[in-house]
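**Student:** Supplied structure: model_19.json, JSON, C-alpha atoms (C1' of nucleotides).
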[["chain", "number", "residue", "atom", "x", "y", "z"],
["A", 272, "MET", "CA", -0.83, -14.84, 6.74],
["A", 273, "PRO", "CA", 1.28, -12.18, 5.23],
["A", 274, "GLU", "CA", 1.66, -10.67, 1.83],
["A", 275, "LEU", "CA", 0.64, -7.18, 0.84],
["A", 276, "PRO", "CA", -3.11, -7.83, 0.52],
["A", 277, "GLU", "CA", -3.40, -9.68, 3.81],
["A", 278, "VAL", "CA", -1.40, -7.04, 5.64],
["A", 279, "GLU", "CA", -3.50, -4.30, 4.07],
["A", 280, "ILE", "CA", -6.70, -6.00, 5.18],
["A", 281, "LEU", "CA", -5.35, -6.39, 8.67],
["A", 282, "ALA", "CA", -4.28, -2.74, 8.83],
["A", 283, "ARG", "CA", -7.73, -1.58, 7.74],
["A", 284, "HIS", "CA", -9.31, -3.86, 10.30],
["A", 285, "LEU", "CA", -7.15, -2.84, 13.23],
["A", 286, "ARG", "CA", -6.82, 0.87, 12.51],
["A", 287, "PRO", "CA", -10.20, 1.97, 13.89],
["A", 288, "LEU", "CA", -10.00, -0.52, 16.74],
["A", 289, "LEU", "CA", -6.67, 0.84, 17.94],
["A", 290, "HIS", "CA", -7.21, 4.53, 17.28],
["A", 291, "GLY", "CA", -7.15, 6.47, 20.52],
["A", 292, "ARG", "CA", -6.43, 3.47, 22.69],
["A", 293, "THR", "CA", -3.80, 3.79, 25.41],
["A", 294, "ILE", "CA", -1.41, 1.03, 26.39],
["A", 295, "ARG", "CA", -1.57, 0.32, 30.11],
["A", 296, "ALA", "CA", 0.90, -2.53, 30.31],
["A", 297, "VAL", "CA", 3.26, -4.42, 28.04],
["A", 298, "GLU", "CA", 3.95, -8.14, 28.32],
["A", 299, "VAL", "CA", 6.78, -9.62, 26.29],
["A", 300, "PHE", "CA", 6.87, -13.41, 26.06],
["A", 301, "ARG", "CA", 9.39, -13.62, 23.21],
["A", 302, "PRO", "CA", 12.07, -10.95, 23.38],
["A", 303, "LYS", "CA", 13.33, -12.12, 20.01],
["A", 304, "VAL", "CA", 10.48, -10.43, 18.14],
["A", 305, "LEU", "CA", 11.48, -7.02, 19.53],
["A", 306, "ALA", "CA", 15.10, -7.29, 18.44],
["A", 307, "PRO", "CA", 17.16, -5.23, 18.41],
["A", 308, "THR", "CA", 15.02, -3.22, 20.83],
["A", 309, "PRO", "CA", 15.70, -4.33, 24.42],
["A", 310, "VAL", "CA", 12.68, -5.46, 26.42],
["A", 311, "PRO", "CA", 12.94, -2.75, 29.12],
["A", 312, "ARG", "CA", 13.14, 0.00, 26.53],
["A", 313, "PHE", "CA", 10.22, -1.47, 24.57],
["A", 314, "GLN", "CA", 8.10, -1.52, 27.70],
["A", 315, "ALA", "CA", 9.17, 1.92, 28.85],
["A", 316, "VAL", "CA", 8.40, 3.51, 25.49],
["A", 317, "LEU", "CA", 5.04, 1.80, 24.94],
["A", 318, "ARG", "CA", 3.60, 1.99, 28.44],
["A", 319, "GLY", "CA", 1.25, 4.95, 28.59],
["A", 320, "ALA", "CA", 1.44, 5.60, 24.84],
["A", 321, "THR", "CA", -1.66, 6.10, 22.70],
["A", 322, "PHE", "CA", -2.32, 4.70, 19.22],
["A", 323, "LEU", "CA", -2.89, 7.40, 16.63],
["A", 324, "ASP", "CA", -2.73, 5.56, 13.34],
["A", 325, "LEU", "CA", -1.85, 2.36, 11.56],
["A", 326, "THR", "CA", -0.59, 2.10, 8.00],
["A", 327, "ARG", "CA", 0.97, -0.53, 5.80],
["A", 328, "ARG", "CA", 4.25, -0.39, 3.88],
["A", 329, "GLY", "CA", 5.04, -3.48, 1.84],
["A", 330, "LYS", "CA", 4.36, -6.35, 4.21],
["A", 331, "TYR", "CA", 5.06, -4.19, 7.25],
["A", 332, "LEU", "CA", 2.59, -2.58, 9.62],
["A", 333, "LEU", "CA", 3.51, 0.88, 10.85],
["A", 334, "PHE", "CA", 1.81, 1.88, 14.07],
["A", 335, "THR", "CA", 1.96, 5.54, 14.99],
["A", 336, "LEU", "CA", 1.75, 6.31, 18.70],
["A", 337, "ARG", "CA", 2.24, 9.25, 21.02],
["A", 338, "ALA", "CA", 3.71, 9.06, 24.48],
["A", 339, "ARG", "CA", 1.62, 10.50, 27.29],
["A", 340, "GLY", "CA", 2.14, 14.24, 27.55],
["A", 341, "SER", "CA", 4.19, 14.38, 24.40],
["A", 342, "ARG", "CA", 3.39, 15.85, 20.99],
["A", 343, "ALA", "CA", 6.02, 14.03, 18.99],
["A", 344, "PRO", "CA", 4.66, 10.76, 17.61],
["A", 345, "PHE", "CA", 6.84, 7.69, 17.24],
["A", 346, "SER", "CA", 6.58, 4.53, 15.18],
["A", 347, "LEU", "CA", 6.23, 0.89, 16.05],
["A", 348, "LEU", "CA", 6.99, -1.58, 13.28],
["A", 349, "GLY", "CA", 5.19, -4.88, 12.86],
["A", 350, "HIS", "CA", 5.78, -7.80, 10.53],
["A", 351, "LEU", "CA", 3.86, -11.07, 10.51],
["A", 352, "GLY", "CA", 6.62, -13.31, 9.21],
["A", 353, "MET", "CA", 5.04, -16.52, 7.91],
["A", 354, "THR", "CA", 2.54, -17.27, 10.62],
["A", 355, "GLY", "CA", 1.98, -14.13, 12.66],
["A", 356, "ARG", "CA", -1.42, -12.76, 13.66],
["A", 357, "MET", "CA", -2.42, -9.61, 15.45],
["A", 358, "PHE", "CA", -5.83, -9.12, 16.99],
["A", 359, "LEU", "CA", -7.78, -7.67, 19.88],
["A", 360, "THR", "CA", -9.30, -9.93, 22.48],
["A", 361, "PRO", "CA", -11.30, -9.25, 25.63],
["A", 362, "LYS", "CA", -9.32, -9.41, 28.82],
["A", 363, "GLY", "CA", -9.66, -12.67, 30.65],
["A", 364, "ARG", "CA", -9.70, -14.77, 27.51],
["A", 365, "PRO", "CA", -6.89, -17.35, 27.43],
["A", 366, "LEU", "CA", -3.91, -16.26, 25.40],
["A", 367, "PRO", "CA", -2.77, -18.31, 22.41],
["A", 368, "LYS", "CA", 0.05, -20.76, 22.96],
["A", 369, "HIS", "CA", 2.52, -18.71, 20.98],
["A", 370, "ALA", "CA", 1.67, -15.21, 22.16],
["A", 371, "ALA", "CA", 4.82, -13.16, 21.65],
["A", 372, "VAL", "CA", 3.70, -9.72, 22.84],
["A", 373, "VAL", "CA", 0.51, -8.62, 24.60],
["A", 374, "LEU", "CA", -0.51, -5.00, 25.10],
["A", 375, "ASP", "CA", -3.05, -4.20, 27.81],
["A", 376, "LEU", "CA", -5.53, -1.70, 26.39],
["A", 377, "GLY", "CA", -7.99, -1.70, 29.28],
["A", 378, "ARG", "CA", -11.08, -3.68, 28.35],
["A", 379, "ASN", "CA", -9.18, -5.45, 25.59],
["A", 380, "ARG", "CA", -5.76, -6.75, 24.89],
["A", 381, "PHE", "CA", -3.81, -6.43, 21.67],
["A", 382, "VAL", "CA", -2.20, -9.80, 20.98],
["A", 383, "TYR", "CA", 0.65, -10.51, 18.61],
["A", 384, "GLU", "CA", 1.05, -14.25, 18.29],
["A", 385, "ASP", "CA", 3.33, -16.13, 15.96],
["A", 386, "PRO", "CA", 3.98, -19.89, 16.20],
["A", 387, "ARG", "CA", 7.24, -19.65, 14.28],
["A", 388, "TYR", "CA", 8.34, -16.30, 15.68],
["A", 389, "PHE", "CA", 9.63, -15.14, 12.32],
["A", 390, "GLY", "CA", 7.76, -11.84, 12.63],
["A", 391, "ARG", "CA", 8.57, -8.61, 14.42],
["A", 392, "LEU", "CA", 7.09, -5.98, 16.68],
["A", 393, "THR", "CA", 9.84, -3.51, 17.27],
["A", 394, "LEU", "CA", 10.87, 0.10, 17.60],
["A", 395, "ASP", "CA", 13.53, -0.42, 14.93],
["A", 396, "VAL", "CA", 11.99, 0.94, 11.74],
["A", 397, "ARG", "CA", 15.13, 0.75, 9.61],
["A", 398, "PRO", "CA", 13.87, -2.17, 7.46],
["A", 399, "VAL", "CA", 11.27, 0.12, 5.90],
["A", 400, "ALA", "CA", 13.99, 2.27, 4.37],
["A", 401, "ARG", "CA", 15.21, -0.68, 2.34],
["A", 402, "LEU", "CA", 11.88, -1.26, 0.60],
["A", 403, "GLY", "CA", 11.21, -0.49, -3.04],
["A", 404, "PRO", "CA", 8.07, 1.38, -4.16],
["A", 405, "GLU", "CA", 4.55, 0.40, -3.27],
["A", 406, "PRO", "CA", 3.18, -1.56, -6.23],
["A", 407, "MET", "CA", -0.07, 0.40, -6.20],
["A", 408, "ALA", "CA", 1.58, 3.81, -5.96],
["A", 409, "GLU", "CA", 2.01, 6.13, -8.92],
["A", 410, "ALA", "CA", 5.74, 6.02, -8.37],
["A", 411, "PHE", "CA", 5.72, 2.37, -9.41],
["A", 412, "THR", "CA", 5.56, 2.77, -13.18],
["A", 413, "SER", "CA", 6.12, 0.08, -15.78],
["A", 414, "GLU", "CA", 9.14, 2.10, -16.92],
["A", 415, "LEU", "CA", 10.61, 1.81, -13.44],
["A", 416, "LEU", "CA", 9.96, -1.92, -13.39],
["A", 417, "ALA", "CA", 11.51, -2.33, -16.84],
["A", 418, "GLY", "CA", 14.60, -0.41, -15.77],
["A", 419, "ALA", "CA", 15.07, -2.54, -12.68],
["A", 420, "LEU", "CA", 14.54, -5.84, -14.47],
["A", 421, "LYS", "CA", 17.00, -4.90, -17.18],
["A", 422, "ARG", "CA", 19.81, -5.00, -14.64],
["A", 423, "SER", "CA", 19.22, -8.58, -13.47],
["A", 424, "ARG", "CA", 19.65, -12.00, -14.94],
["A", 425, "GLN", "CA", 17.73, -13.59, -12.07],
["A", 426, "ALA", "CA", 14.64, -15.63, -12.91],
["A", 427, "ILE", "CA", 11.68, -13.25, -12.94],
["A", 428, "LYS", "CA", 9.83, -15.20, -10.25],
["A", 429, "VAL", "CA", 12.76, -14.88, -7.87],
["A", 430, "LYS", "CA", 13.18, -11.21, -8.76],
["A", 431, "LEU", "CA", 9.57, -10.45, -7.84],
["A", 432, "LEU", "CA", 10.32, -11.56, -4.27],
["A", 433, "ASP", "CA", 13.00, -8.88, -3.97],
["A", 434, "GLN", "CA", 11.41, -6.32, -1.66],
["A", 435, "SER", "CA", 13.82, -3.60, -2.78],
["A", 436, "LEU", "CA", 12.46, -3.88, -6.33],
["A", 437, "VAL", "CA", 8.82, -3.51, -5.34],
["A", 438, "ALA", "CA", 7.44, -4.01, -1.83],
["A", 439, "GLY", "CA", 4.80, -6.51, -0.79],
["A", 440, "ILE", "CA", 4.87, -9.38, -3.30],
["A", 441, "GLY", "CA", 5.47, -12.77, -1.68],
["A", 442, "ASN", "CA", 5.61, -16.35, -2.86],
["A", 443, "ILE", "CA", 1.89, -16.64, -3.56],
["A", 444, "TYR", "CA", 1.34, -13.43, -5.48],
["A", 445, "ALA", "CA", 4.58, -13.80, -7.42],
["A", 446, "SER", "CA", 3.21, -17.00, -8.97],
["A", 447, "GLU", "CA", -0.24, -15.47, -9.37],
["A", 448, "SER", "CA", 1.12, -12.38, -11.13],
["A", 449, "LEU", "CA", 3.19, -14.38, -13.62],
["A", 450, "PHE", "CA", 0.23, -16.64, -14.33],
["A", 451, "ARG", "CA", -1.99, -13.67, -15.01],
["A", 452, "ALA", "CA", 0.66, -12.12, -17.23],
["A", 453, "GLY", "CA", 1.25, -15.39, -19.08],
["A", 454, "LEU", "CA", 4.97, -15.33, -18.37],
["A", 455, "SER", "CA", 7.33, -18.16, -17.54],
["A", 456, "PRO", "CA", 8.65, -17.91, -13.99],
["A", 457, "ARG", "CA", 12.03, -19.10, -15.26],
["A", 458, "ARG", "CA", 12.61, -16.31, -17.74],
["A", 459, "PRO", "CA", 15.62, -14.17, -16.80],
["A", 460, "ALA", "CA", 14.44, -10.74, -15.68],
["A", 461, "ASN", "CA", 16.50, -8.93, -18.28],
["A", 462, "ARG", "CA", 15.04, -10.97, -21.11],
["A", 463, "LEU", "CA", 11.46, -9.80, -20.77],
["A", 464, "SER", "CA", 10.35, -7.68, -23.70],
["A", 465, "ARG", "CA", 8.93, -4.23, -23.07],
["A", 466, "VAL", "CA", 5.45, -5.57, -23.81],
["A", 467, "GLN", "CA", 5.93, -8.43, -21.36],
["A", 468, "VAL", "CA", 7.06, -6.03, -18.64],
["A", 469, "GLU", "CA", 3.96, -3.97, -19.28],
["A", 470, "LYS", "CA", 1.78, -7.08, -18.93],
["A", 471, "LEU", "CA", 3.55, -8.10, -15.75],
["A", 472, "TRP", "CA", 3.25, -4.64, -14.28],
["A", 473, "GLN", "CA", -0.47, -4.65, -14.93],
["A", 474, "ALA", "CA", -0.90, -8.21, -13.70],
["A", 475, "ILE", "CA", 0.82, -7.41, -10.40],
["A", 476, "ARG", "CA", -1.49, -4.50, -9.75],
["A", 477, "GLU", "CA", -4.59, -6.43, -10.76],
["A", 478, "VAL", "CA", -3.74, -9.49, -8.72],
["A", 479, "LEU", "CA", -3.09, -7.42, -5.60],
["A", 480, "THR", "CA", -6.16, -5.25, -6.12],
["A", 481, "ILE", "CA", -8.41, -8.26, -6.54],
["A", 482, "ALA", "CA", -6.93, -9.92, -3.47],
["A", 483, "ILE", "CA", -7.56, -6.83, -1.36],
["A", 484, "GLU", "CA", -11.12, -6.51, -2.63],
["A", 485, "CYS", "CA", -11.70, -10.16, -1.91],
["A", 486, "GLY", "CA", -10.33, -9.89, 1.61],
["A", 487, "SER", "CA", -12.30, -6.72, 2.26],
["A", 488, "THR", "CA", -15.58, -8.53, 1.91],
["A", 489, "ILE", "CA", -14.75, -10.89, 4.72],
["A", 490, "PRO", "CA", -15.27, -9.87, 8.32],
["A", 491, "LEU", "CA", -12.12, -10.50, 10.32],
["A", 492, "ASN", "CA", -13.29, -12.10, 13.48],
["A", 493, "PHE", "CA", -10.58, -14.05, 15.22],
["A", 494, "GLU", "CA", -12.71, -13.98, 18.34],
["A", 495, "ALA", "CA", -15.53, -16.00, 16.85],
["A", 496, "HIS", "CA", -13.21, -17.99, 14.63],
["A", 497, "PRO", "CA", -9.96, -18.45, 16.46],
["A", 498, "SER", "CA", -8.67, -20.83, 13.84],
["A", 499, "ASP", "CA", -9.12, -18.40, 10.96],
["A", 500, "LYS", "CA", -6.09, -17.99, 8.82],
["A", 501, "LEU", "CA", -7.24, -14.60, 7.63],
["A", 502, "PHE", "CA", -8.06, -15.27, 4.01],
["A", 503, "TYR", "CA", -5.42, -17.53, 2.62],
["A", 504, "TYR", "CA", -6.75, -21.04, 2.49],
["A", 505, "GLY", "CA", -10.24, -22.34, 2.99],
["A", 506, "SER", "CA", -11.29, -21.61, 6.54],
["A", 507, "ALA", "CA", -13.46, -18.76, 7.63],
["A", 508, "ALA", "CA", -17.09, -19.26, 8.26],
["A", 509, "GLY", "CA", -19.42, -18.67, 5.39],
["A", 510, "ALA", "CA", -17.01, -17.85, 2.62],
["A", 511, "ALA", "CA", -15.00, -20.98, 2.04],
["A", 512, "ASP", "CA", -15.61, -21.18, -1.69],
["A", 513, "PHE", "CA", -14.80, -17.57, -2.13],
["A", 514, "TYR", "CA", -11.45, -18.11, -0.50],
["A", 515, "THR", "CA", -10.39, -21.26, -2.18],
["A", 516, "GLU", "CA", -11.30, -20.03, -5.64],
["A", 517, "ARG", "CA", -9.33, -16.86, -5.21],
["A", 518, "LEU", "CA", -5.96, -18.20, -6.22],
["A", 519, "GLY", "CA", -5.65, -19.45, -9.76],
["A", 520, "ILE", "CA", -2.29, -21.16, -9.69],
["A", 521, "TYR", "CA", -0.69, -21.24, -6.24],
["A", 522, "ASP", "CA", -0.67, -24.62, -4.51],
["A", 523, "ARG", "CA", -2.52, -26.22, -7.41],
["A", 524, "ALA", "CA", 0.14, -28.62, -8.68],
["A", 525, "GLY", "CA", -1.45, -31.38, -10.74],
["A", 526, "GLN", "CA", -4.79, -29.58, -11.05],
["A", 527, "PRO", "CA", -5.95, -28.44, -14.48],
["A", 528, "CYS", "CA", -5.15, -24.86, -15.43],
["A", 529, "GLY", "CA", -8.34, -22.81, -15.23],
["A", 530, "SER", "CA", -7.57, -21.36, -18.62],
["A", 531, "CYS", "CA", -6.40, -24.30, -20.77],
["A", 532, "GLY", "CA", -6.78, -27.44, -18.68],
["A", 533, "THR", "CA", -3.11, -28.40, -18.78],
["A", 534, "PRO", "CA", -1.93, -29.79, -15.43],
["A", 535, "ILE", "CA", -0.26, -27.13, -13.30],
["A", 536, "LYS", "CA", 3.39, -27.73, -12.49],
["A", 537, "ARG", "CA", 5.39, -27.09, -9.35],
["A", 538, "ILE", "CA", 9.09, -26.28, -9.55],
["A", 539, "VAL", "CA", 11.58, -25.03, -6.99],
["A", 540, "GLN", "CA", 13.36, -21.72, -7.44],
["A", 541, "ALA", "CA", 15.64, -20.20, -4.82],
["A", 542, "ALA", "CA", 14.47, -22.95, -2.46],
["A", 543, "ARG", "CA", 10.80, -21.96, -2.78],
["A", 544, "SER", "CA", 7.87, -23.46, -4.65],
["A", 545, "THR", "CA", 6.74, -21.89, -7.88],
["A", 546, "PHE", "CA", 3.49, -22.90, -9.56],
["A", 547, "PHE", "CA", 2.79, -22.28, -13.22],
["A", 548, "CYS", "CA", 0.96, -23.54, -16.27],
["A", 549, "PRO", "CA", 3.46, -24.95, -18.77],
["A", 550, "HIS", "CA", 1.10, -24.17, -21.63],
["A", 551, "CYS", "CA", -0.07, -20.66, -20.75],
["A", 552, "GLN", "CA", 3.30, -19.54, -19.41],
["A", 553, "LYS", "CA", 5.78, -20.60, -22.05],
["A", 554, "SER", "CA", 7.41, -17.25, -22.72],
["L", 279, "DC", "C1'", 9.97, -40.20, 10.17],
["L", 280, "DA", "C1'", 9.83, -37.20, 5.86],
["L", 281, "DC", "C1'", 8.62, -33.14, 3.69],
["L", 282, "DC", "C1'", 6.24, -28.89, 3.22],
["L", 283, "DA", "C1'", 4.84, -24.07, 4.70],
["L", 284, "DT", "C1'", 2.45, -16.79, 3.30],
["L", 285, "DG", "C1'", 9.49, -14.29, 5.10],
["L", 286, "DT", "C1'", 13.90, -12.09, 5.92],
["L", 287, "DT", "C1'", 18.72, -12.00, 6.87],
["L", 288, "DC", "C1'", 23.20, -13.63, 6.85],
["L", 289, "DC", "C1'", 26.97, -16.29, 5.00],
["L", 290, "DT", "C1'", 29.48, -18.48, 1.37],
["L", 291, "DT", "C1'", 30.75, -19.19, -3.26],
["L", 292, "DG", "C1'", 31.67, -17.84, -7.84],
["W", 90, "DC", "C1'", 31.63, -5.21, -6.01],
["W", 91, "DC", "C1'", 27.64, -8.11, -7.36],
["W", 92, "DA", "C1'", 24.73, -12.18, -8.17],
["W", 93, "DA", "C1'", 23.08, -16.42, -6.66],
["W", 94, "DG", "C1'", 22.29, -20.20, -3.63],
["W", 95, "DG", "C1'", 21.69, -22.10, 0.76],
["W", 96, "DA", "C1'", 21.18, -22.15, 5.72],
["W", 97, "DA", "C1'", 19.18, -20.42, 9.72],
["W", 98, "DC", "C1'", 15.37, -18.96, 12.45],
["W", 99, "DA", "C1'", 10.99, -22.31, 14.93],
["W", 100, "DT", "C1'", 6.73, -24.71, 14.90],
["W", 101, "DG", "C1'", 2.93, -27.17, 12.98],
["W", 102, "DG", "C1'", 0.36, -29.75, 9.36],
["W", 103, "DT", "C1'", 0.02, -33.71, 6.35]]
I'd like the structure from this file rewritten - as structure tokens, please.
**Tutor:**
Amino acid sequence: MPELPEVEILARHLRPLLHGRTIRAVEVFRPKVLAPTPVPRFQAVLRGATFLDLTRRGKYLLFTLRARGSRAPFSLLGHLGMTGRMFLTPKGRPLPKHAAVVLDLGRNRFVYEDPRYFGRLTLDVRPVARLGPEPMAEAFTSELLAGALKRSRQAIKVKLLDQSLVAGIGNIYASESLFRAGLSPRRPANRLSRVQVEKLWQAIREVLTIAIECGSTIPLNFEAHPSDKLFYYGSAAGAADFYTERLGIYDRAGQPCGSCGTPIKRIVQAARSTFFCPHCQKS
DNA sequence: CACCATGTTCCTTG
DNA sequence: CCAAGGAACATGGT
């Protein structure tokens, strides 16, 4: 479930639930997701620690905690990979099949589950230092984007997935942004005109903003709806249409473009699907 | 069985 | 040195 909007929604959801909660015990079912932090160190550091805050950076979750009797806070870094979920559940409830880490919070447990185990929950925060600017931050200007794109011949769609360029865009919102900007996903990054970069810059911010707004209207309740996939596809009681109509281009190969009716095409770039309208996205 | 899947990192090749 | 492509990671859905 993870690109910037989904991670942002999750952070907003979990922040108040975790604030002030103290970890009583730490169960690690998949040591791989902690790497390179060793299991004993992970447990020793987290046991007795209290959650102070939770923020998002790109697709990462940054938990701030404080050890018992200490003033200095420390960070825990989370990433959902392709299929990760994090949620609170009352103690006694059966754990999901692919629970990777479970934190005992007293009445509740914090569960990180991930069927593919591509995600992370670790004390190693170094990956954050490699991220480019937040797309919604003032630091991310269209001038900055133009400067970065000028230096690459890579197809613009592929370039948008580069987290060191701008953090948080994934395979879905890369296609959505280019569709909104009316740009061909195949165009080399350094061949976008200044006007096209400006359009793309705006489209990225609009697409992400709309996705966050959309997700914010939906109550996250994994307890009542254990099969919820946050707000990607269908699912979720009571708001199915809302969800499925959210994305204009992604996963719609063969369907008519909402703007011109031309059938949407799927191509493969850098071993990943790209969806676009061959009529609206010629340039 | 085949192919596809919201991500990142590492390795190879040019 | 850099860019680009592909594999690997691991499981589930169609």
**Student:** Considering all atoms listed in the file, extract the chain A residues located within 9 Å of chain L and return them as a ChimeraX atom specification.
**Tutor:** /A:272-274,351-354,389-390,441-443,503
**Student:** Restricting the calculation to all atoms listed in the file: of A:Cys528, A:Ala541, A:Cys551, A:Leu285, which residue gets closest to DG95 in chain W?
**Tutor:**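 Ranking A:Cys528, A:Ala541, A:Cys551, A:Leu285 by distance to DG95 in chain W, first place goes to A:Ala541.
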**Student:** Compute the chain A side of the contact with chain W at 9 Å, counting all atoms listed in the file, and hand it back as a PDB file with C-alpha atoms, keeping the file's coordinate frame.
**Tutor:**
ATOM      1  CA  PRO A 386       3.980 -19.890  16.200  1.00  0.00           C
ATOM      2  CA  ARG A 387       7.240 -19.650  14.280  1.00  0.00           C
ATOM      3  CA  TYR A 388       8.340 -16.300  15.680  1.00  0.00           C
ATOM      4  CA  PHE A 389       9.630 -15.140  12.320  1.00  0.00           C
ATOM      5  CA  SER A 423      19.220  -8.580 -13.470  1.00  0.00           C
ATOM      6  CA  ARG A 424      19.650 -12.000 -14.940  1.00  0.00           C
ATOM      7  CA  GLN A 425      17.730 -13.590 -12.070  1.00  0.00           C
ATOM      8  CA  ALA A 541      15.640 -20.200  -4.820  1.00  0.00           C
ATOM      9  CA  ALA A 542      14.470 -22.950  -2.460  1.00  0.00           C
TER      10      ALA A 542
END
**Student:** Quick one, how far is CA of Val468 in chain A from CA of Ser455 in chain A?
**Tutor:**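 Computing it gives 12.2 Å between the two atoms.
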**Student:** What is the CA of Ile535 in chain A-CA of Gln552 in chain A distance in Å, reported with one decimal?
**Tutor:**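 According to the coordinates, CA of Ile535 in chain A and CA of Gln552 in chain A are separated by 10.4 Å.
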**Student:** Mind pulling up the distance from CA of Leu518 in chain A to CA of Val399 in chain A?
**Tutor:**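 Spanning CA of Val399 in chain A to CA of Leu518 in chain A is a straight-line distance of 27.9 Å.
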**Student:** Take the point (8.2, -23.0, -8.5) as written in the file and pick out every residue within 12 Å of it, counting all atoms listed in the file; give the list as an NGL selection string.
**Tutor:** :A and (426-429 or 442-443 or 445-447 or 449-450 or 455-457 or 520-524 or 535-549)
**Student:** Skip range 410-419 of chain A itself and residues of its chain fewer than 3 positions away, then list as a PyMOL selection string all residues within 12 Å of it, counting all atoms listed in the file.
**Tutor:** chain A and resi 403-407+422-425+427+430-431+433+435-438+460-476
**Student:** Restricted to C-alpha atoms, what would the selected residues look like written as a PDB file, keeping the file's coordinate frame?
**Tutor:**
ATOM      1  CA  GLY A 403      11.210  -0.490  -3.040  1.00  0.00           C
ATOM      2  CA  PRO A 404       8.070   1.380  -4.160  1.00  0.00           C
ATOM      3  CA  GLU A 405       4.550   0.400  -3.270  1.00  0.00           C
ATOM      4  CA  PRO A 406       3.180  -1.560  -6.230  1.00  0.00           C
ATOM      5  CA  MET A 407      -0.070   0.400  -6.200  1.00  0.00           C
ATOM      6  CA  ARG A 422      19.810  -5.000 -14.640  1.00  0.00           C
ATOM      7  CA  SER A 423      19.220  -8.580 -13.470  1.00  0.00           C
ATOM      8  CA  ARG A 424      19.650 -12.000 -14.940  1.00  0.00           C
ATOM      9  CA  GLN A 425      17.730 -13.590 -12.070  1.00  0.00           C
ATOM     10  CA  ILE A 427      11.680 -13.250 -12.940  1.00  0.00           C
ATOM     11  CA  LYS A 430      13.180 -11.210  -8.760  1.00  0.00           C
ATOM     12  CA  LEU A 431       9.570 -10.450  -7.840  1.00  0.00           C
ATOM     13  CA  ASP A 433      13.000  -8.880  -3.970  1.00  0.00           C
ATOM     14  CA  SER A 435      13.820  -3.600  -2.780  1.00  0.00           C
ATOM     15  CA  LEU A 436      12.460  -3.880  -6.330  1.00  0.00           C
ATOM     16  CA  VAL A 437       8.820  -3.510  -5.340  1.00  0.00           C
ATOM     17  CA  ALA A 438       7.440  -4.010  -1.830  1.00  0.00           C
ATOM     18  CA  ALA A 460      14.440 -10.740 -15.680  1.00  0.00           C
ATOM     19  CA  ASN A 461      16.500  -8.930 -18.280  1.00  0.00           C
ATOM     20  CA  ARG A 462      15.040 -10.970 -21.110  1.00  0.00           C
ATOM     21  CA  LEU A 463      11.460  -9.800 -20.770  1.00  0.00           C
ATOM     22  CA  SER A 464      10.350  -7.680 -23.700  1.00  0.00           C
ATOM     23  CA  ARG A 465       8.930  -4.230 -23.070  1.00  0.00           C
ATOM     24  CA  VAL A 466       5.450  -5.570 -23.810  1.00  0.00           C
ATOM     25  CA  GLN A 467       5.930  -8.430 -21.360  1.00  0.00           C
ATOM     26  CA  VAL A 468       7.060  -6.030 -18.640  1.00  0.00           C
ATOM     27  CA  GLU A 469       3.960  -3.970 -19.280  1.00  0.00           C
ATOM     28  CA  LYS A 470       1.780  -7.080 -18.930  1.00  0.00           C
ATOM     29  CA  LEU A 471       3.550  -8.100 -15.750  1.00  0.00           C
ATOM     30  CA  TRP A 472       3.250  -4.640 -14.280  1.00  0.00           C
ATOM     31  CA  GLN A 473      -0.470  -4.650 -14.930  1.00  0.00           C
ATOM     32  CA  ALA A 474      -0.900  -8.210 -13.700  1.00  0.00           C
ATOM     33  CA  ILE A 475       0.820  -7.410 -10.400  1.00  0.00           C
ATOM     34  CA  ARG A 476      -1.490  -4.500  -9.750  1.00  0.00           C
TER      35      ARG A 476
END
**Student:** Residues at most 6 Å from Phe334 in chain A, counting only C-alpha atoms (C1' of nucleotides), excluding those fewer than 4 positions away in the same chain, as a CSV table (one decimal) with C-alpha atoms, in the frame of the given file?
**Tutor:**
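Dumped everything to around-v4.csv:
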chain,number,residue,atom,x,y,z
A,324,ASP,CA,-2.7,5.6,13.3
A,325,LEU,CA,-1.8,2.4,11.6
A,346,SER,CA,6.6,4.5,15.2
A,347,LEU,CA,6.2,0.9,16.0
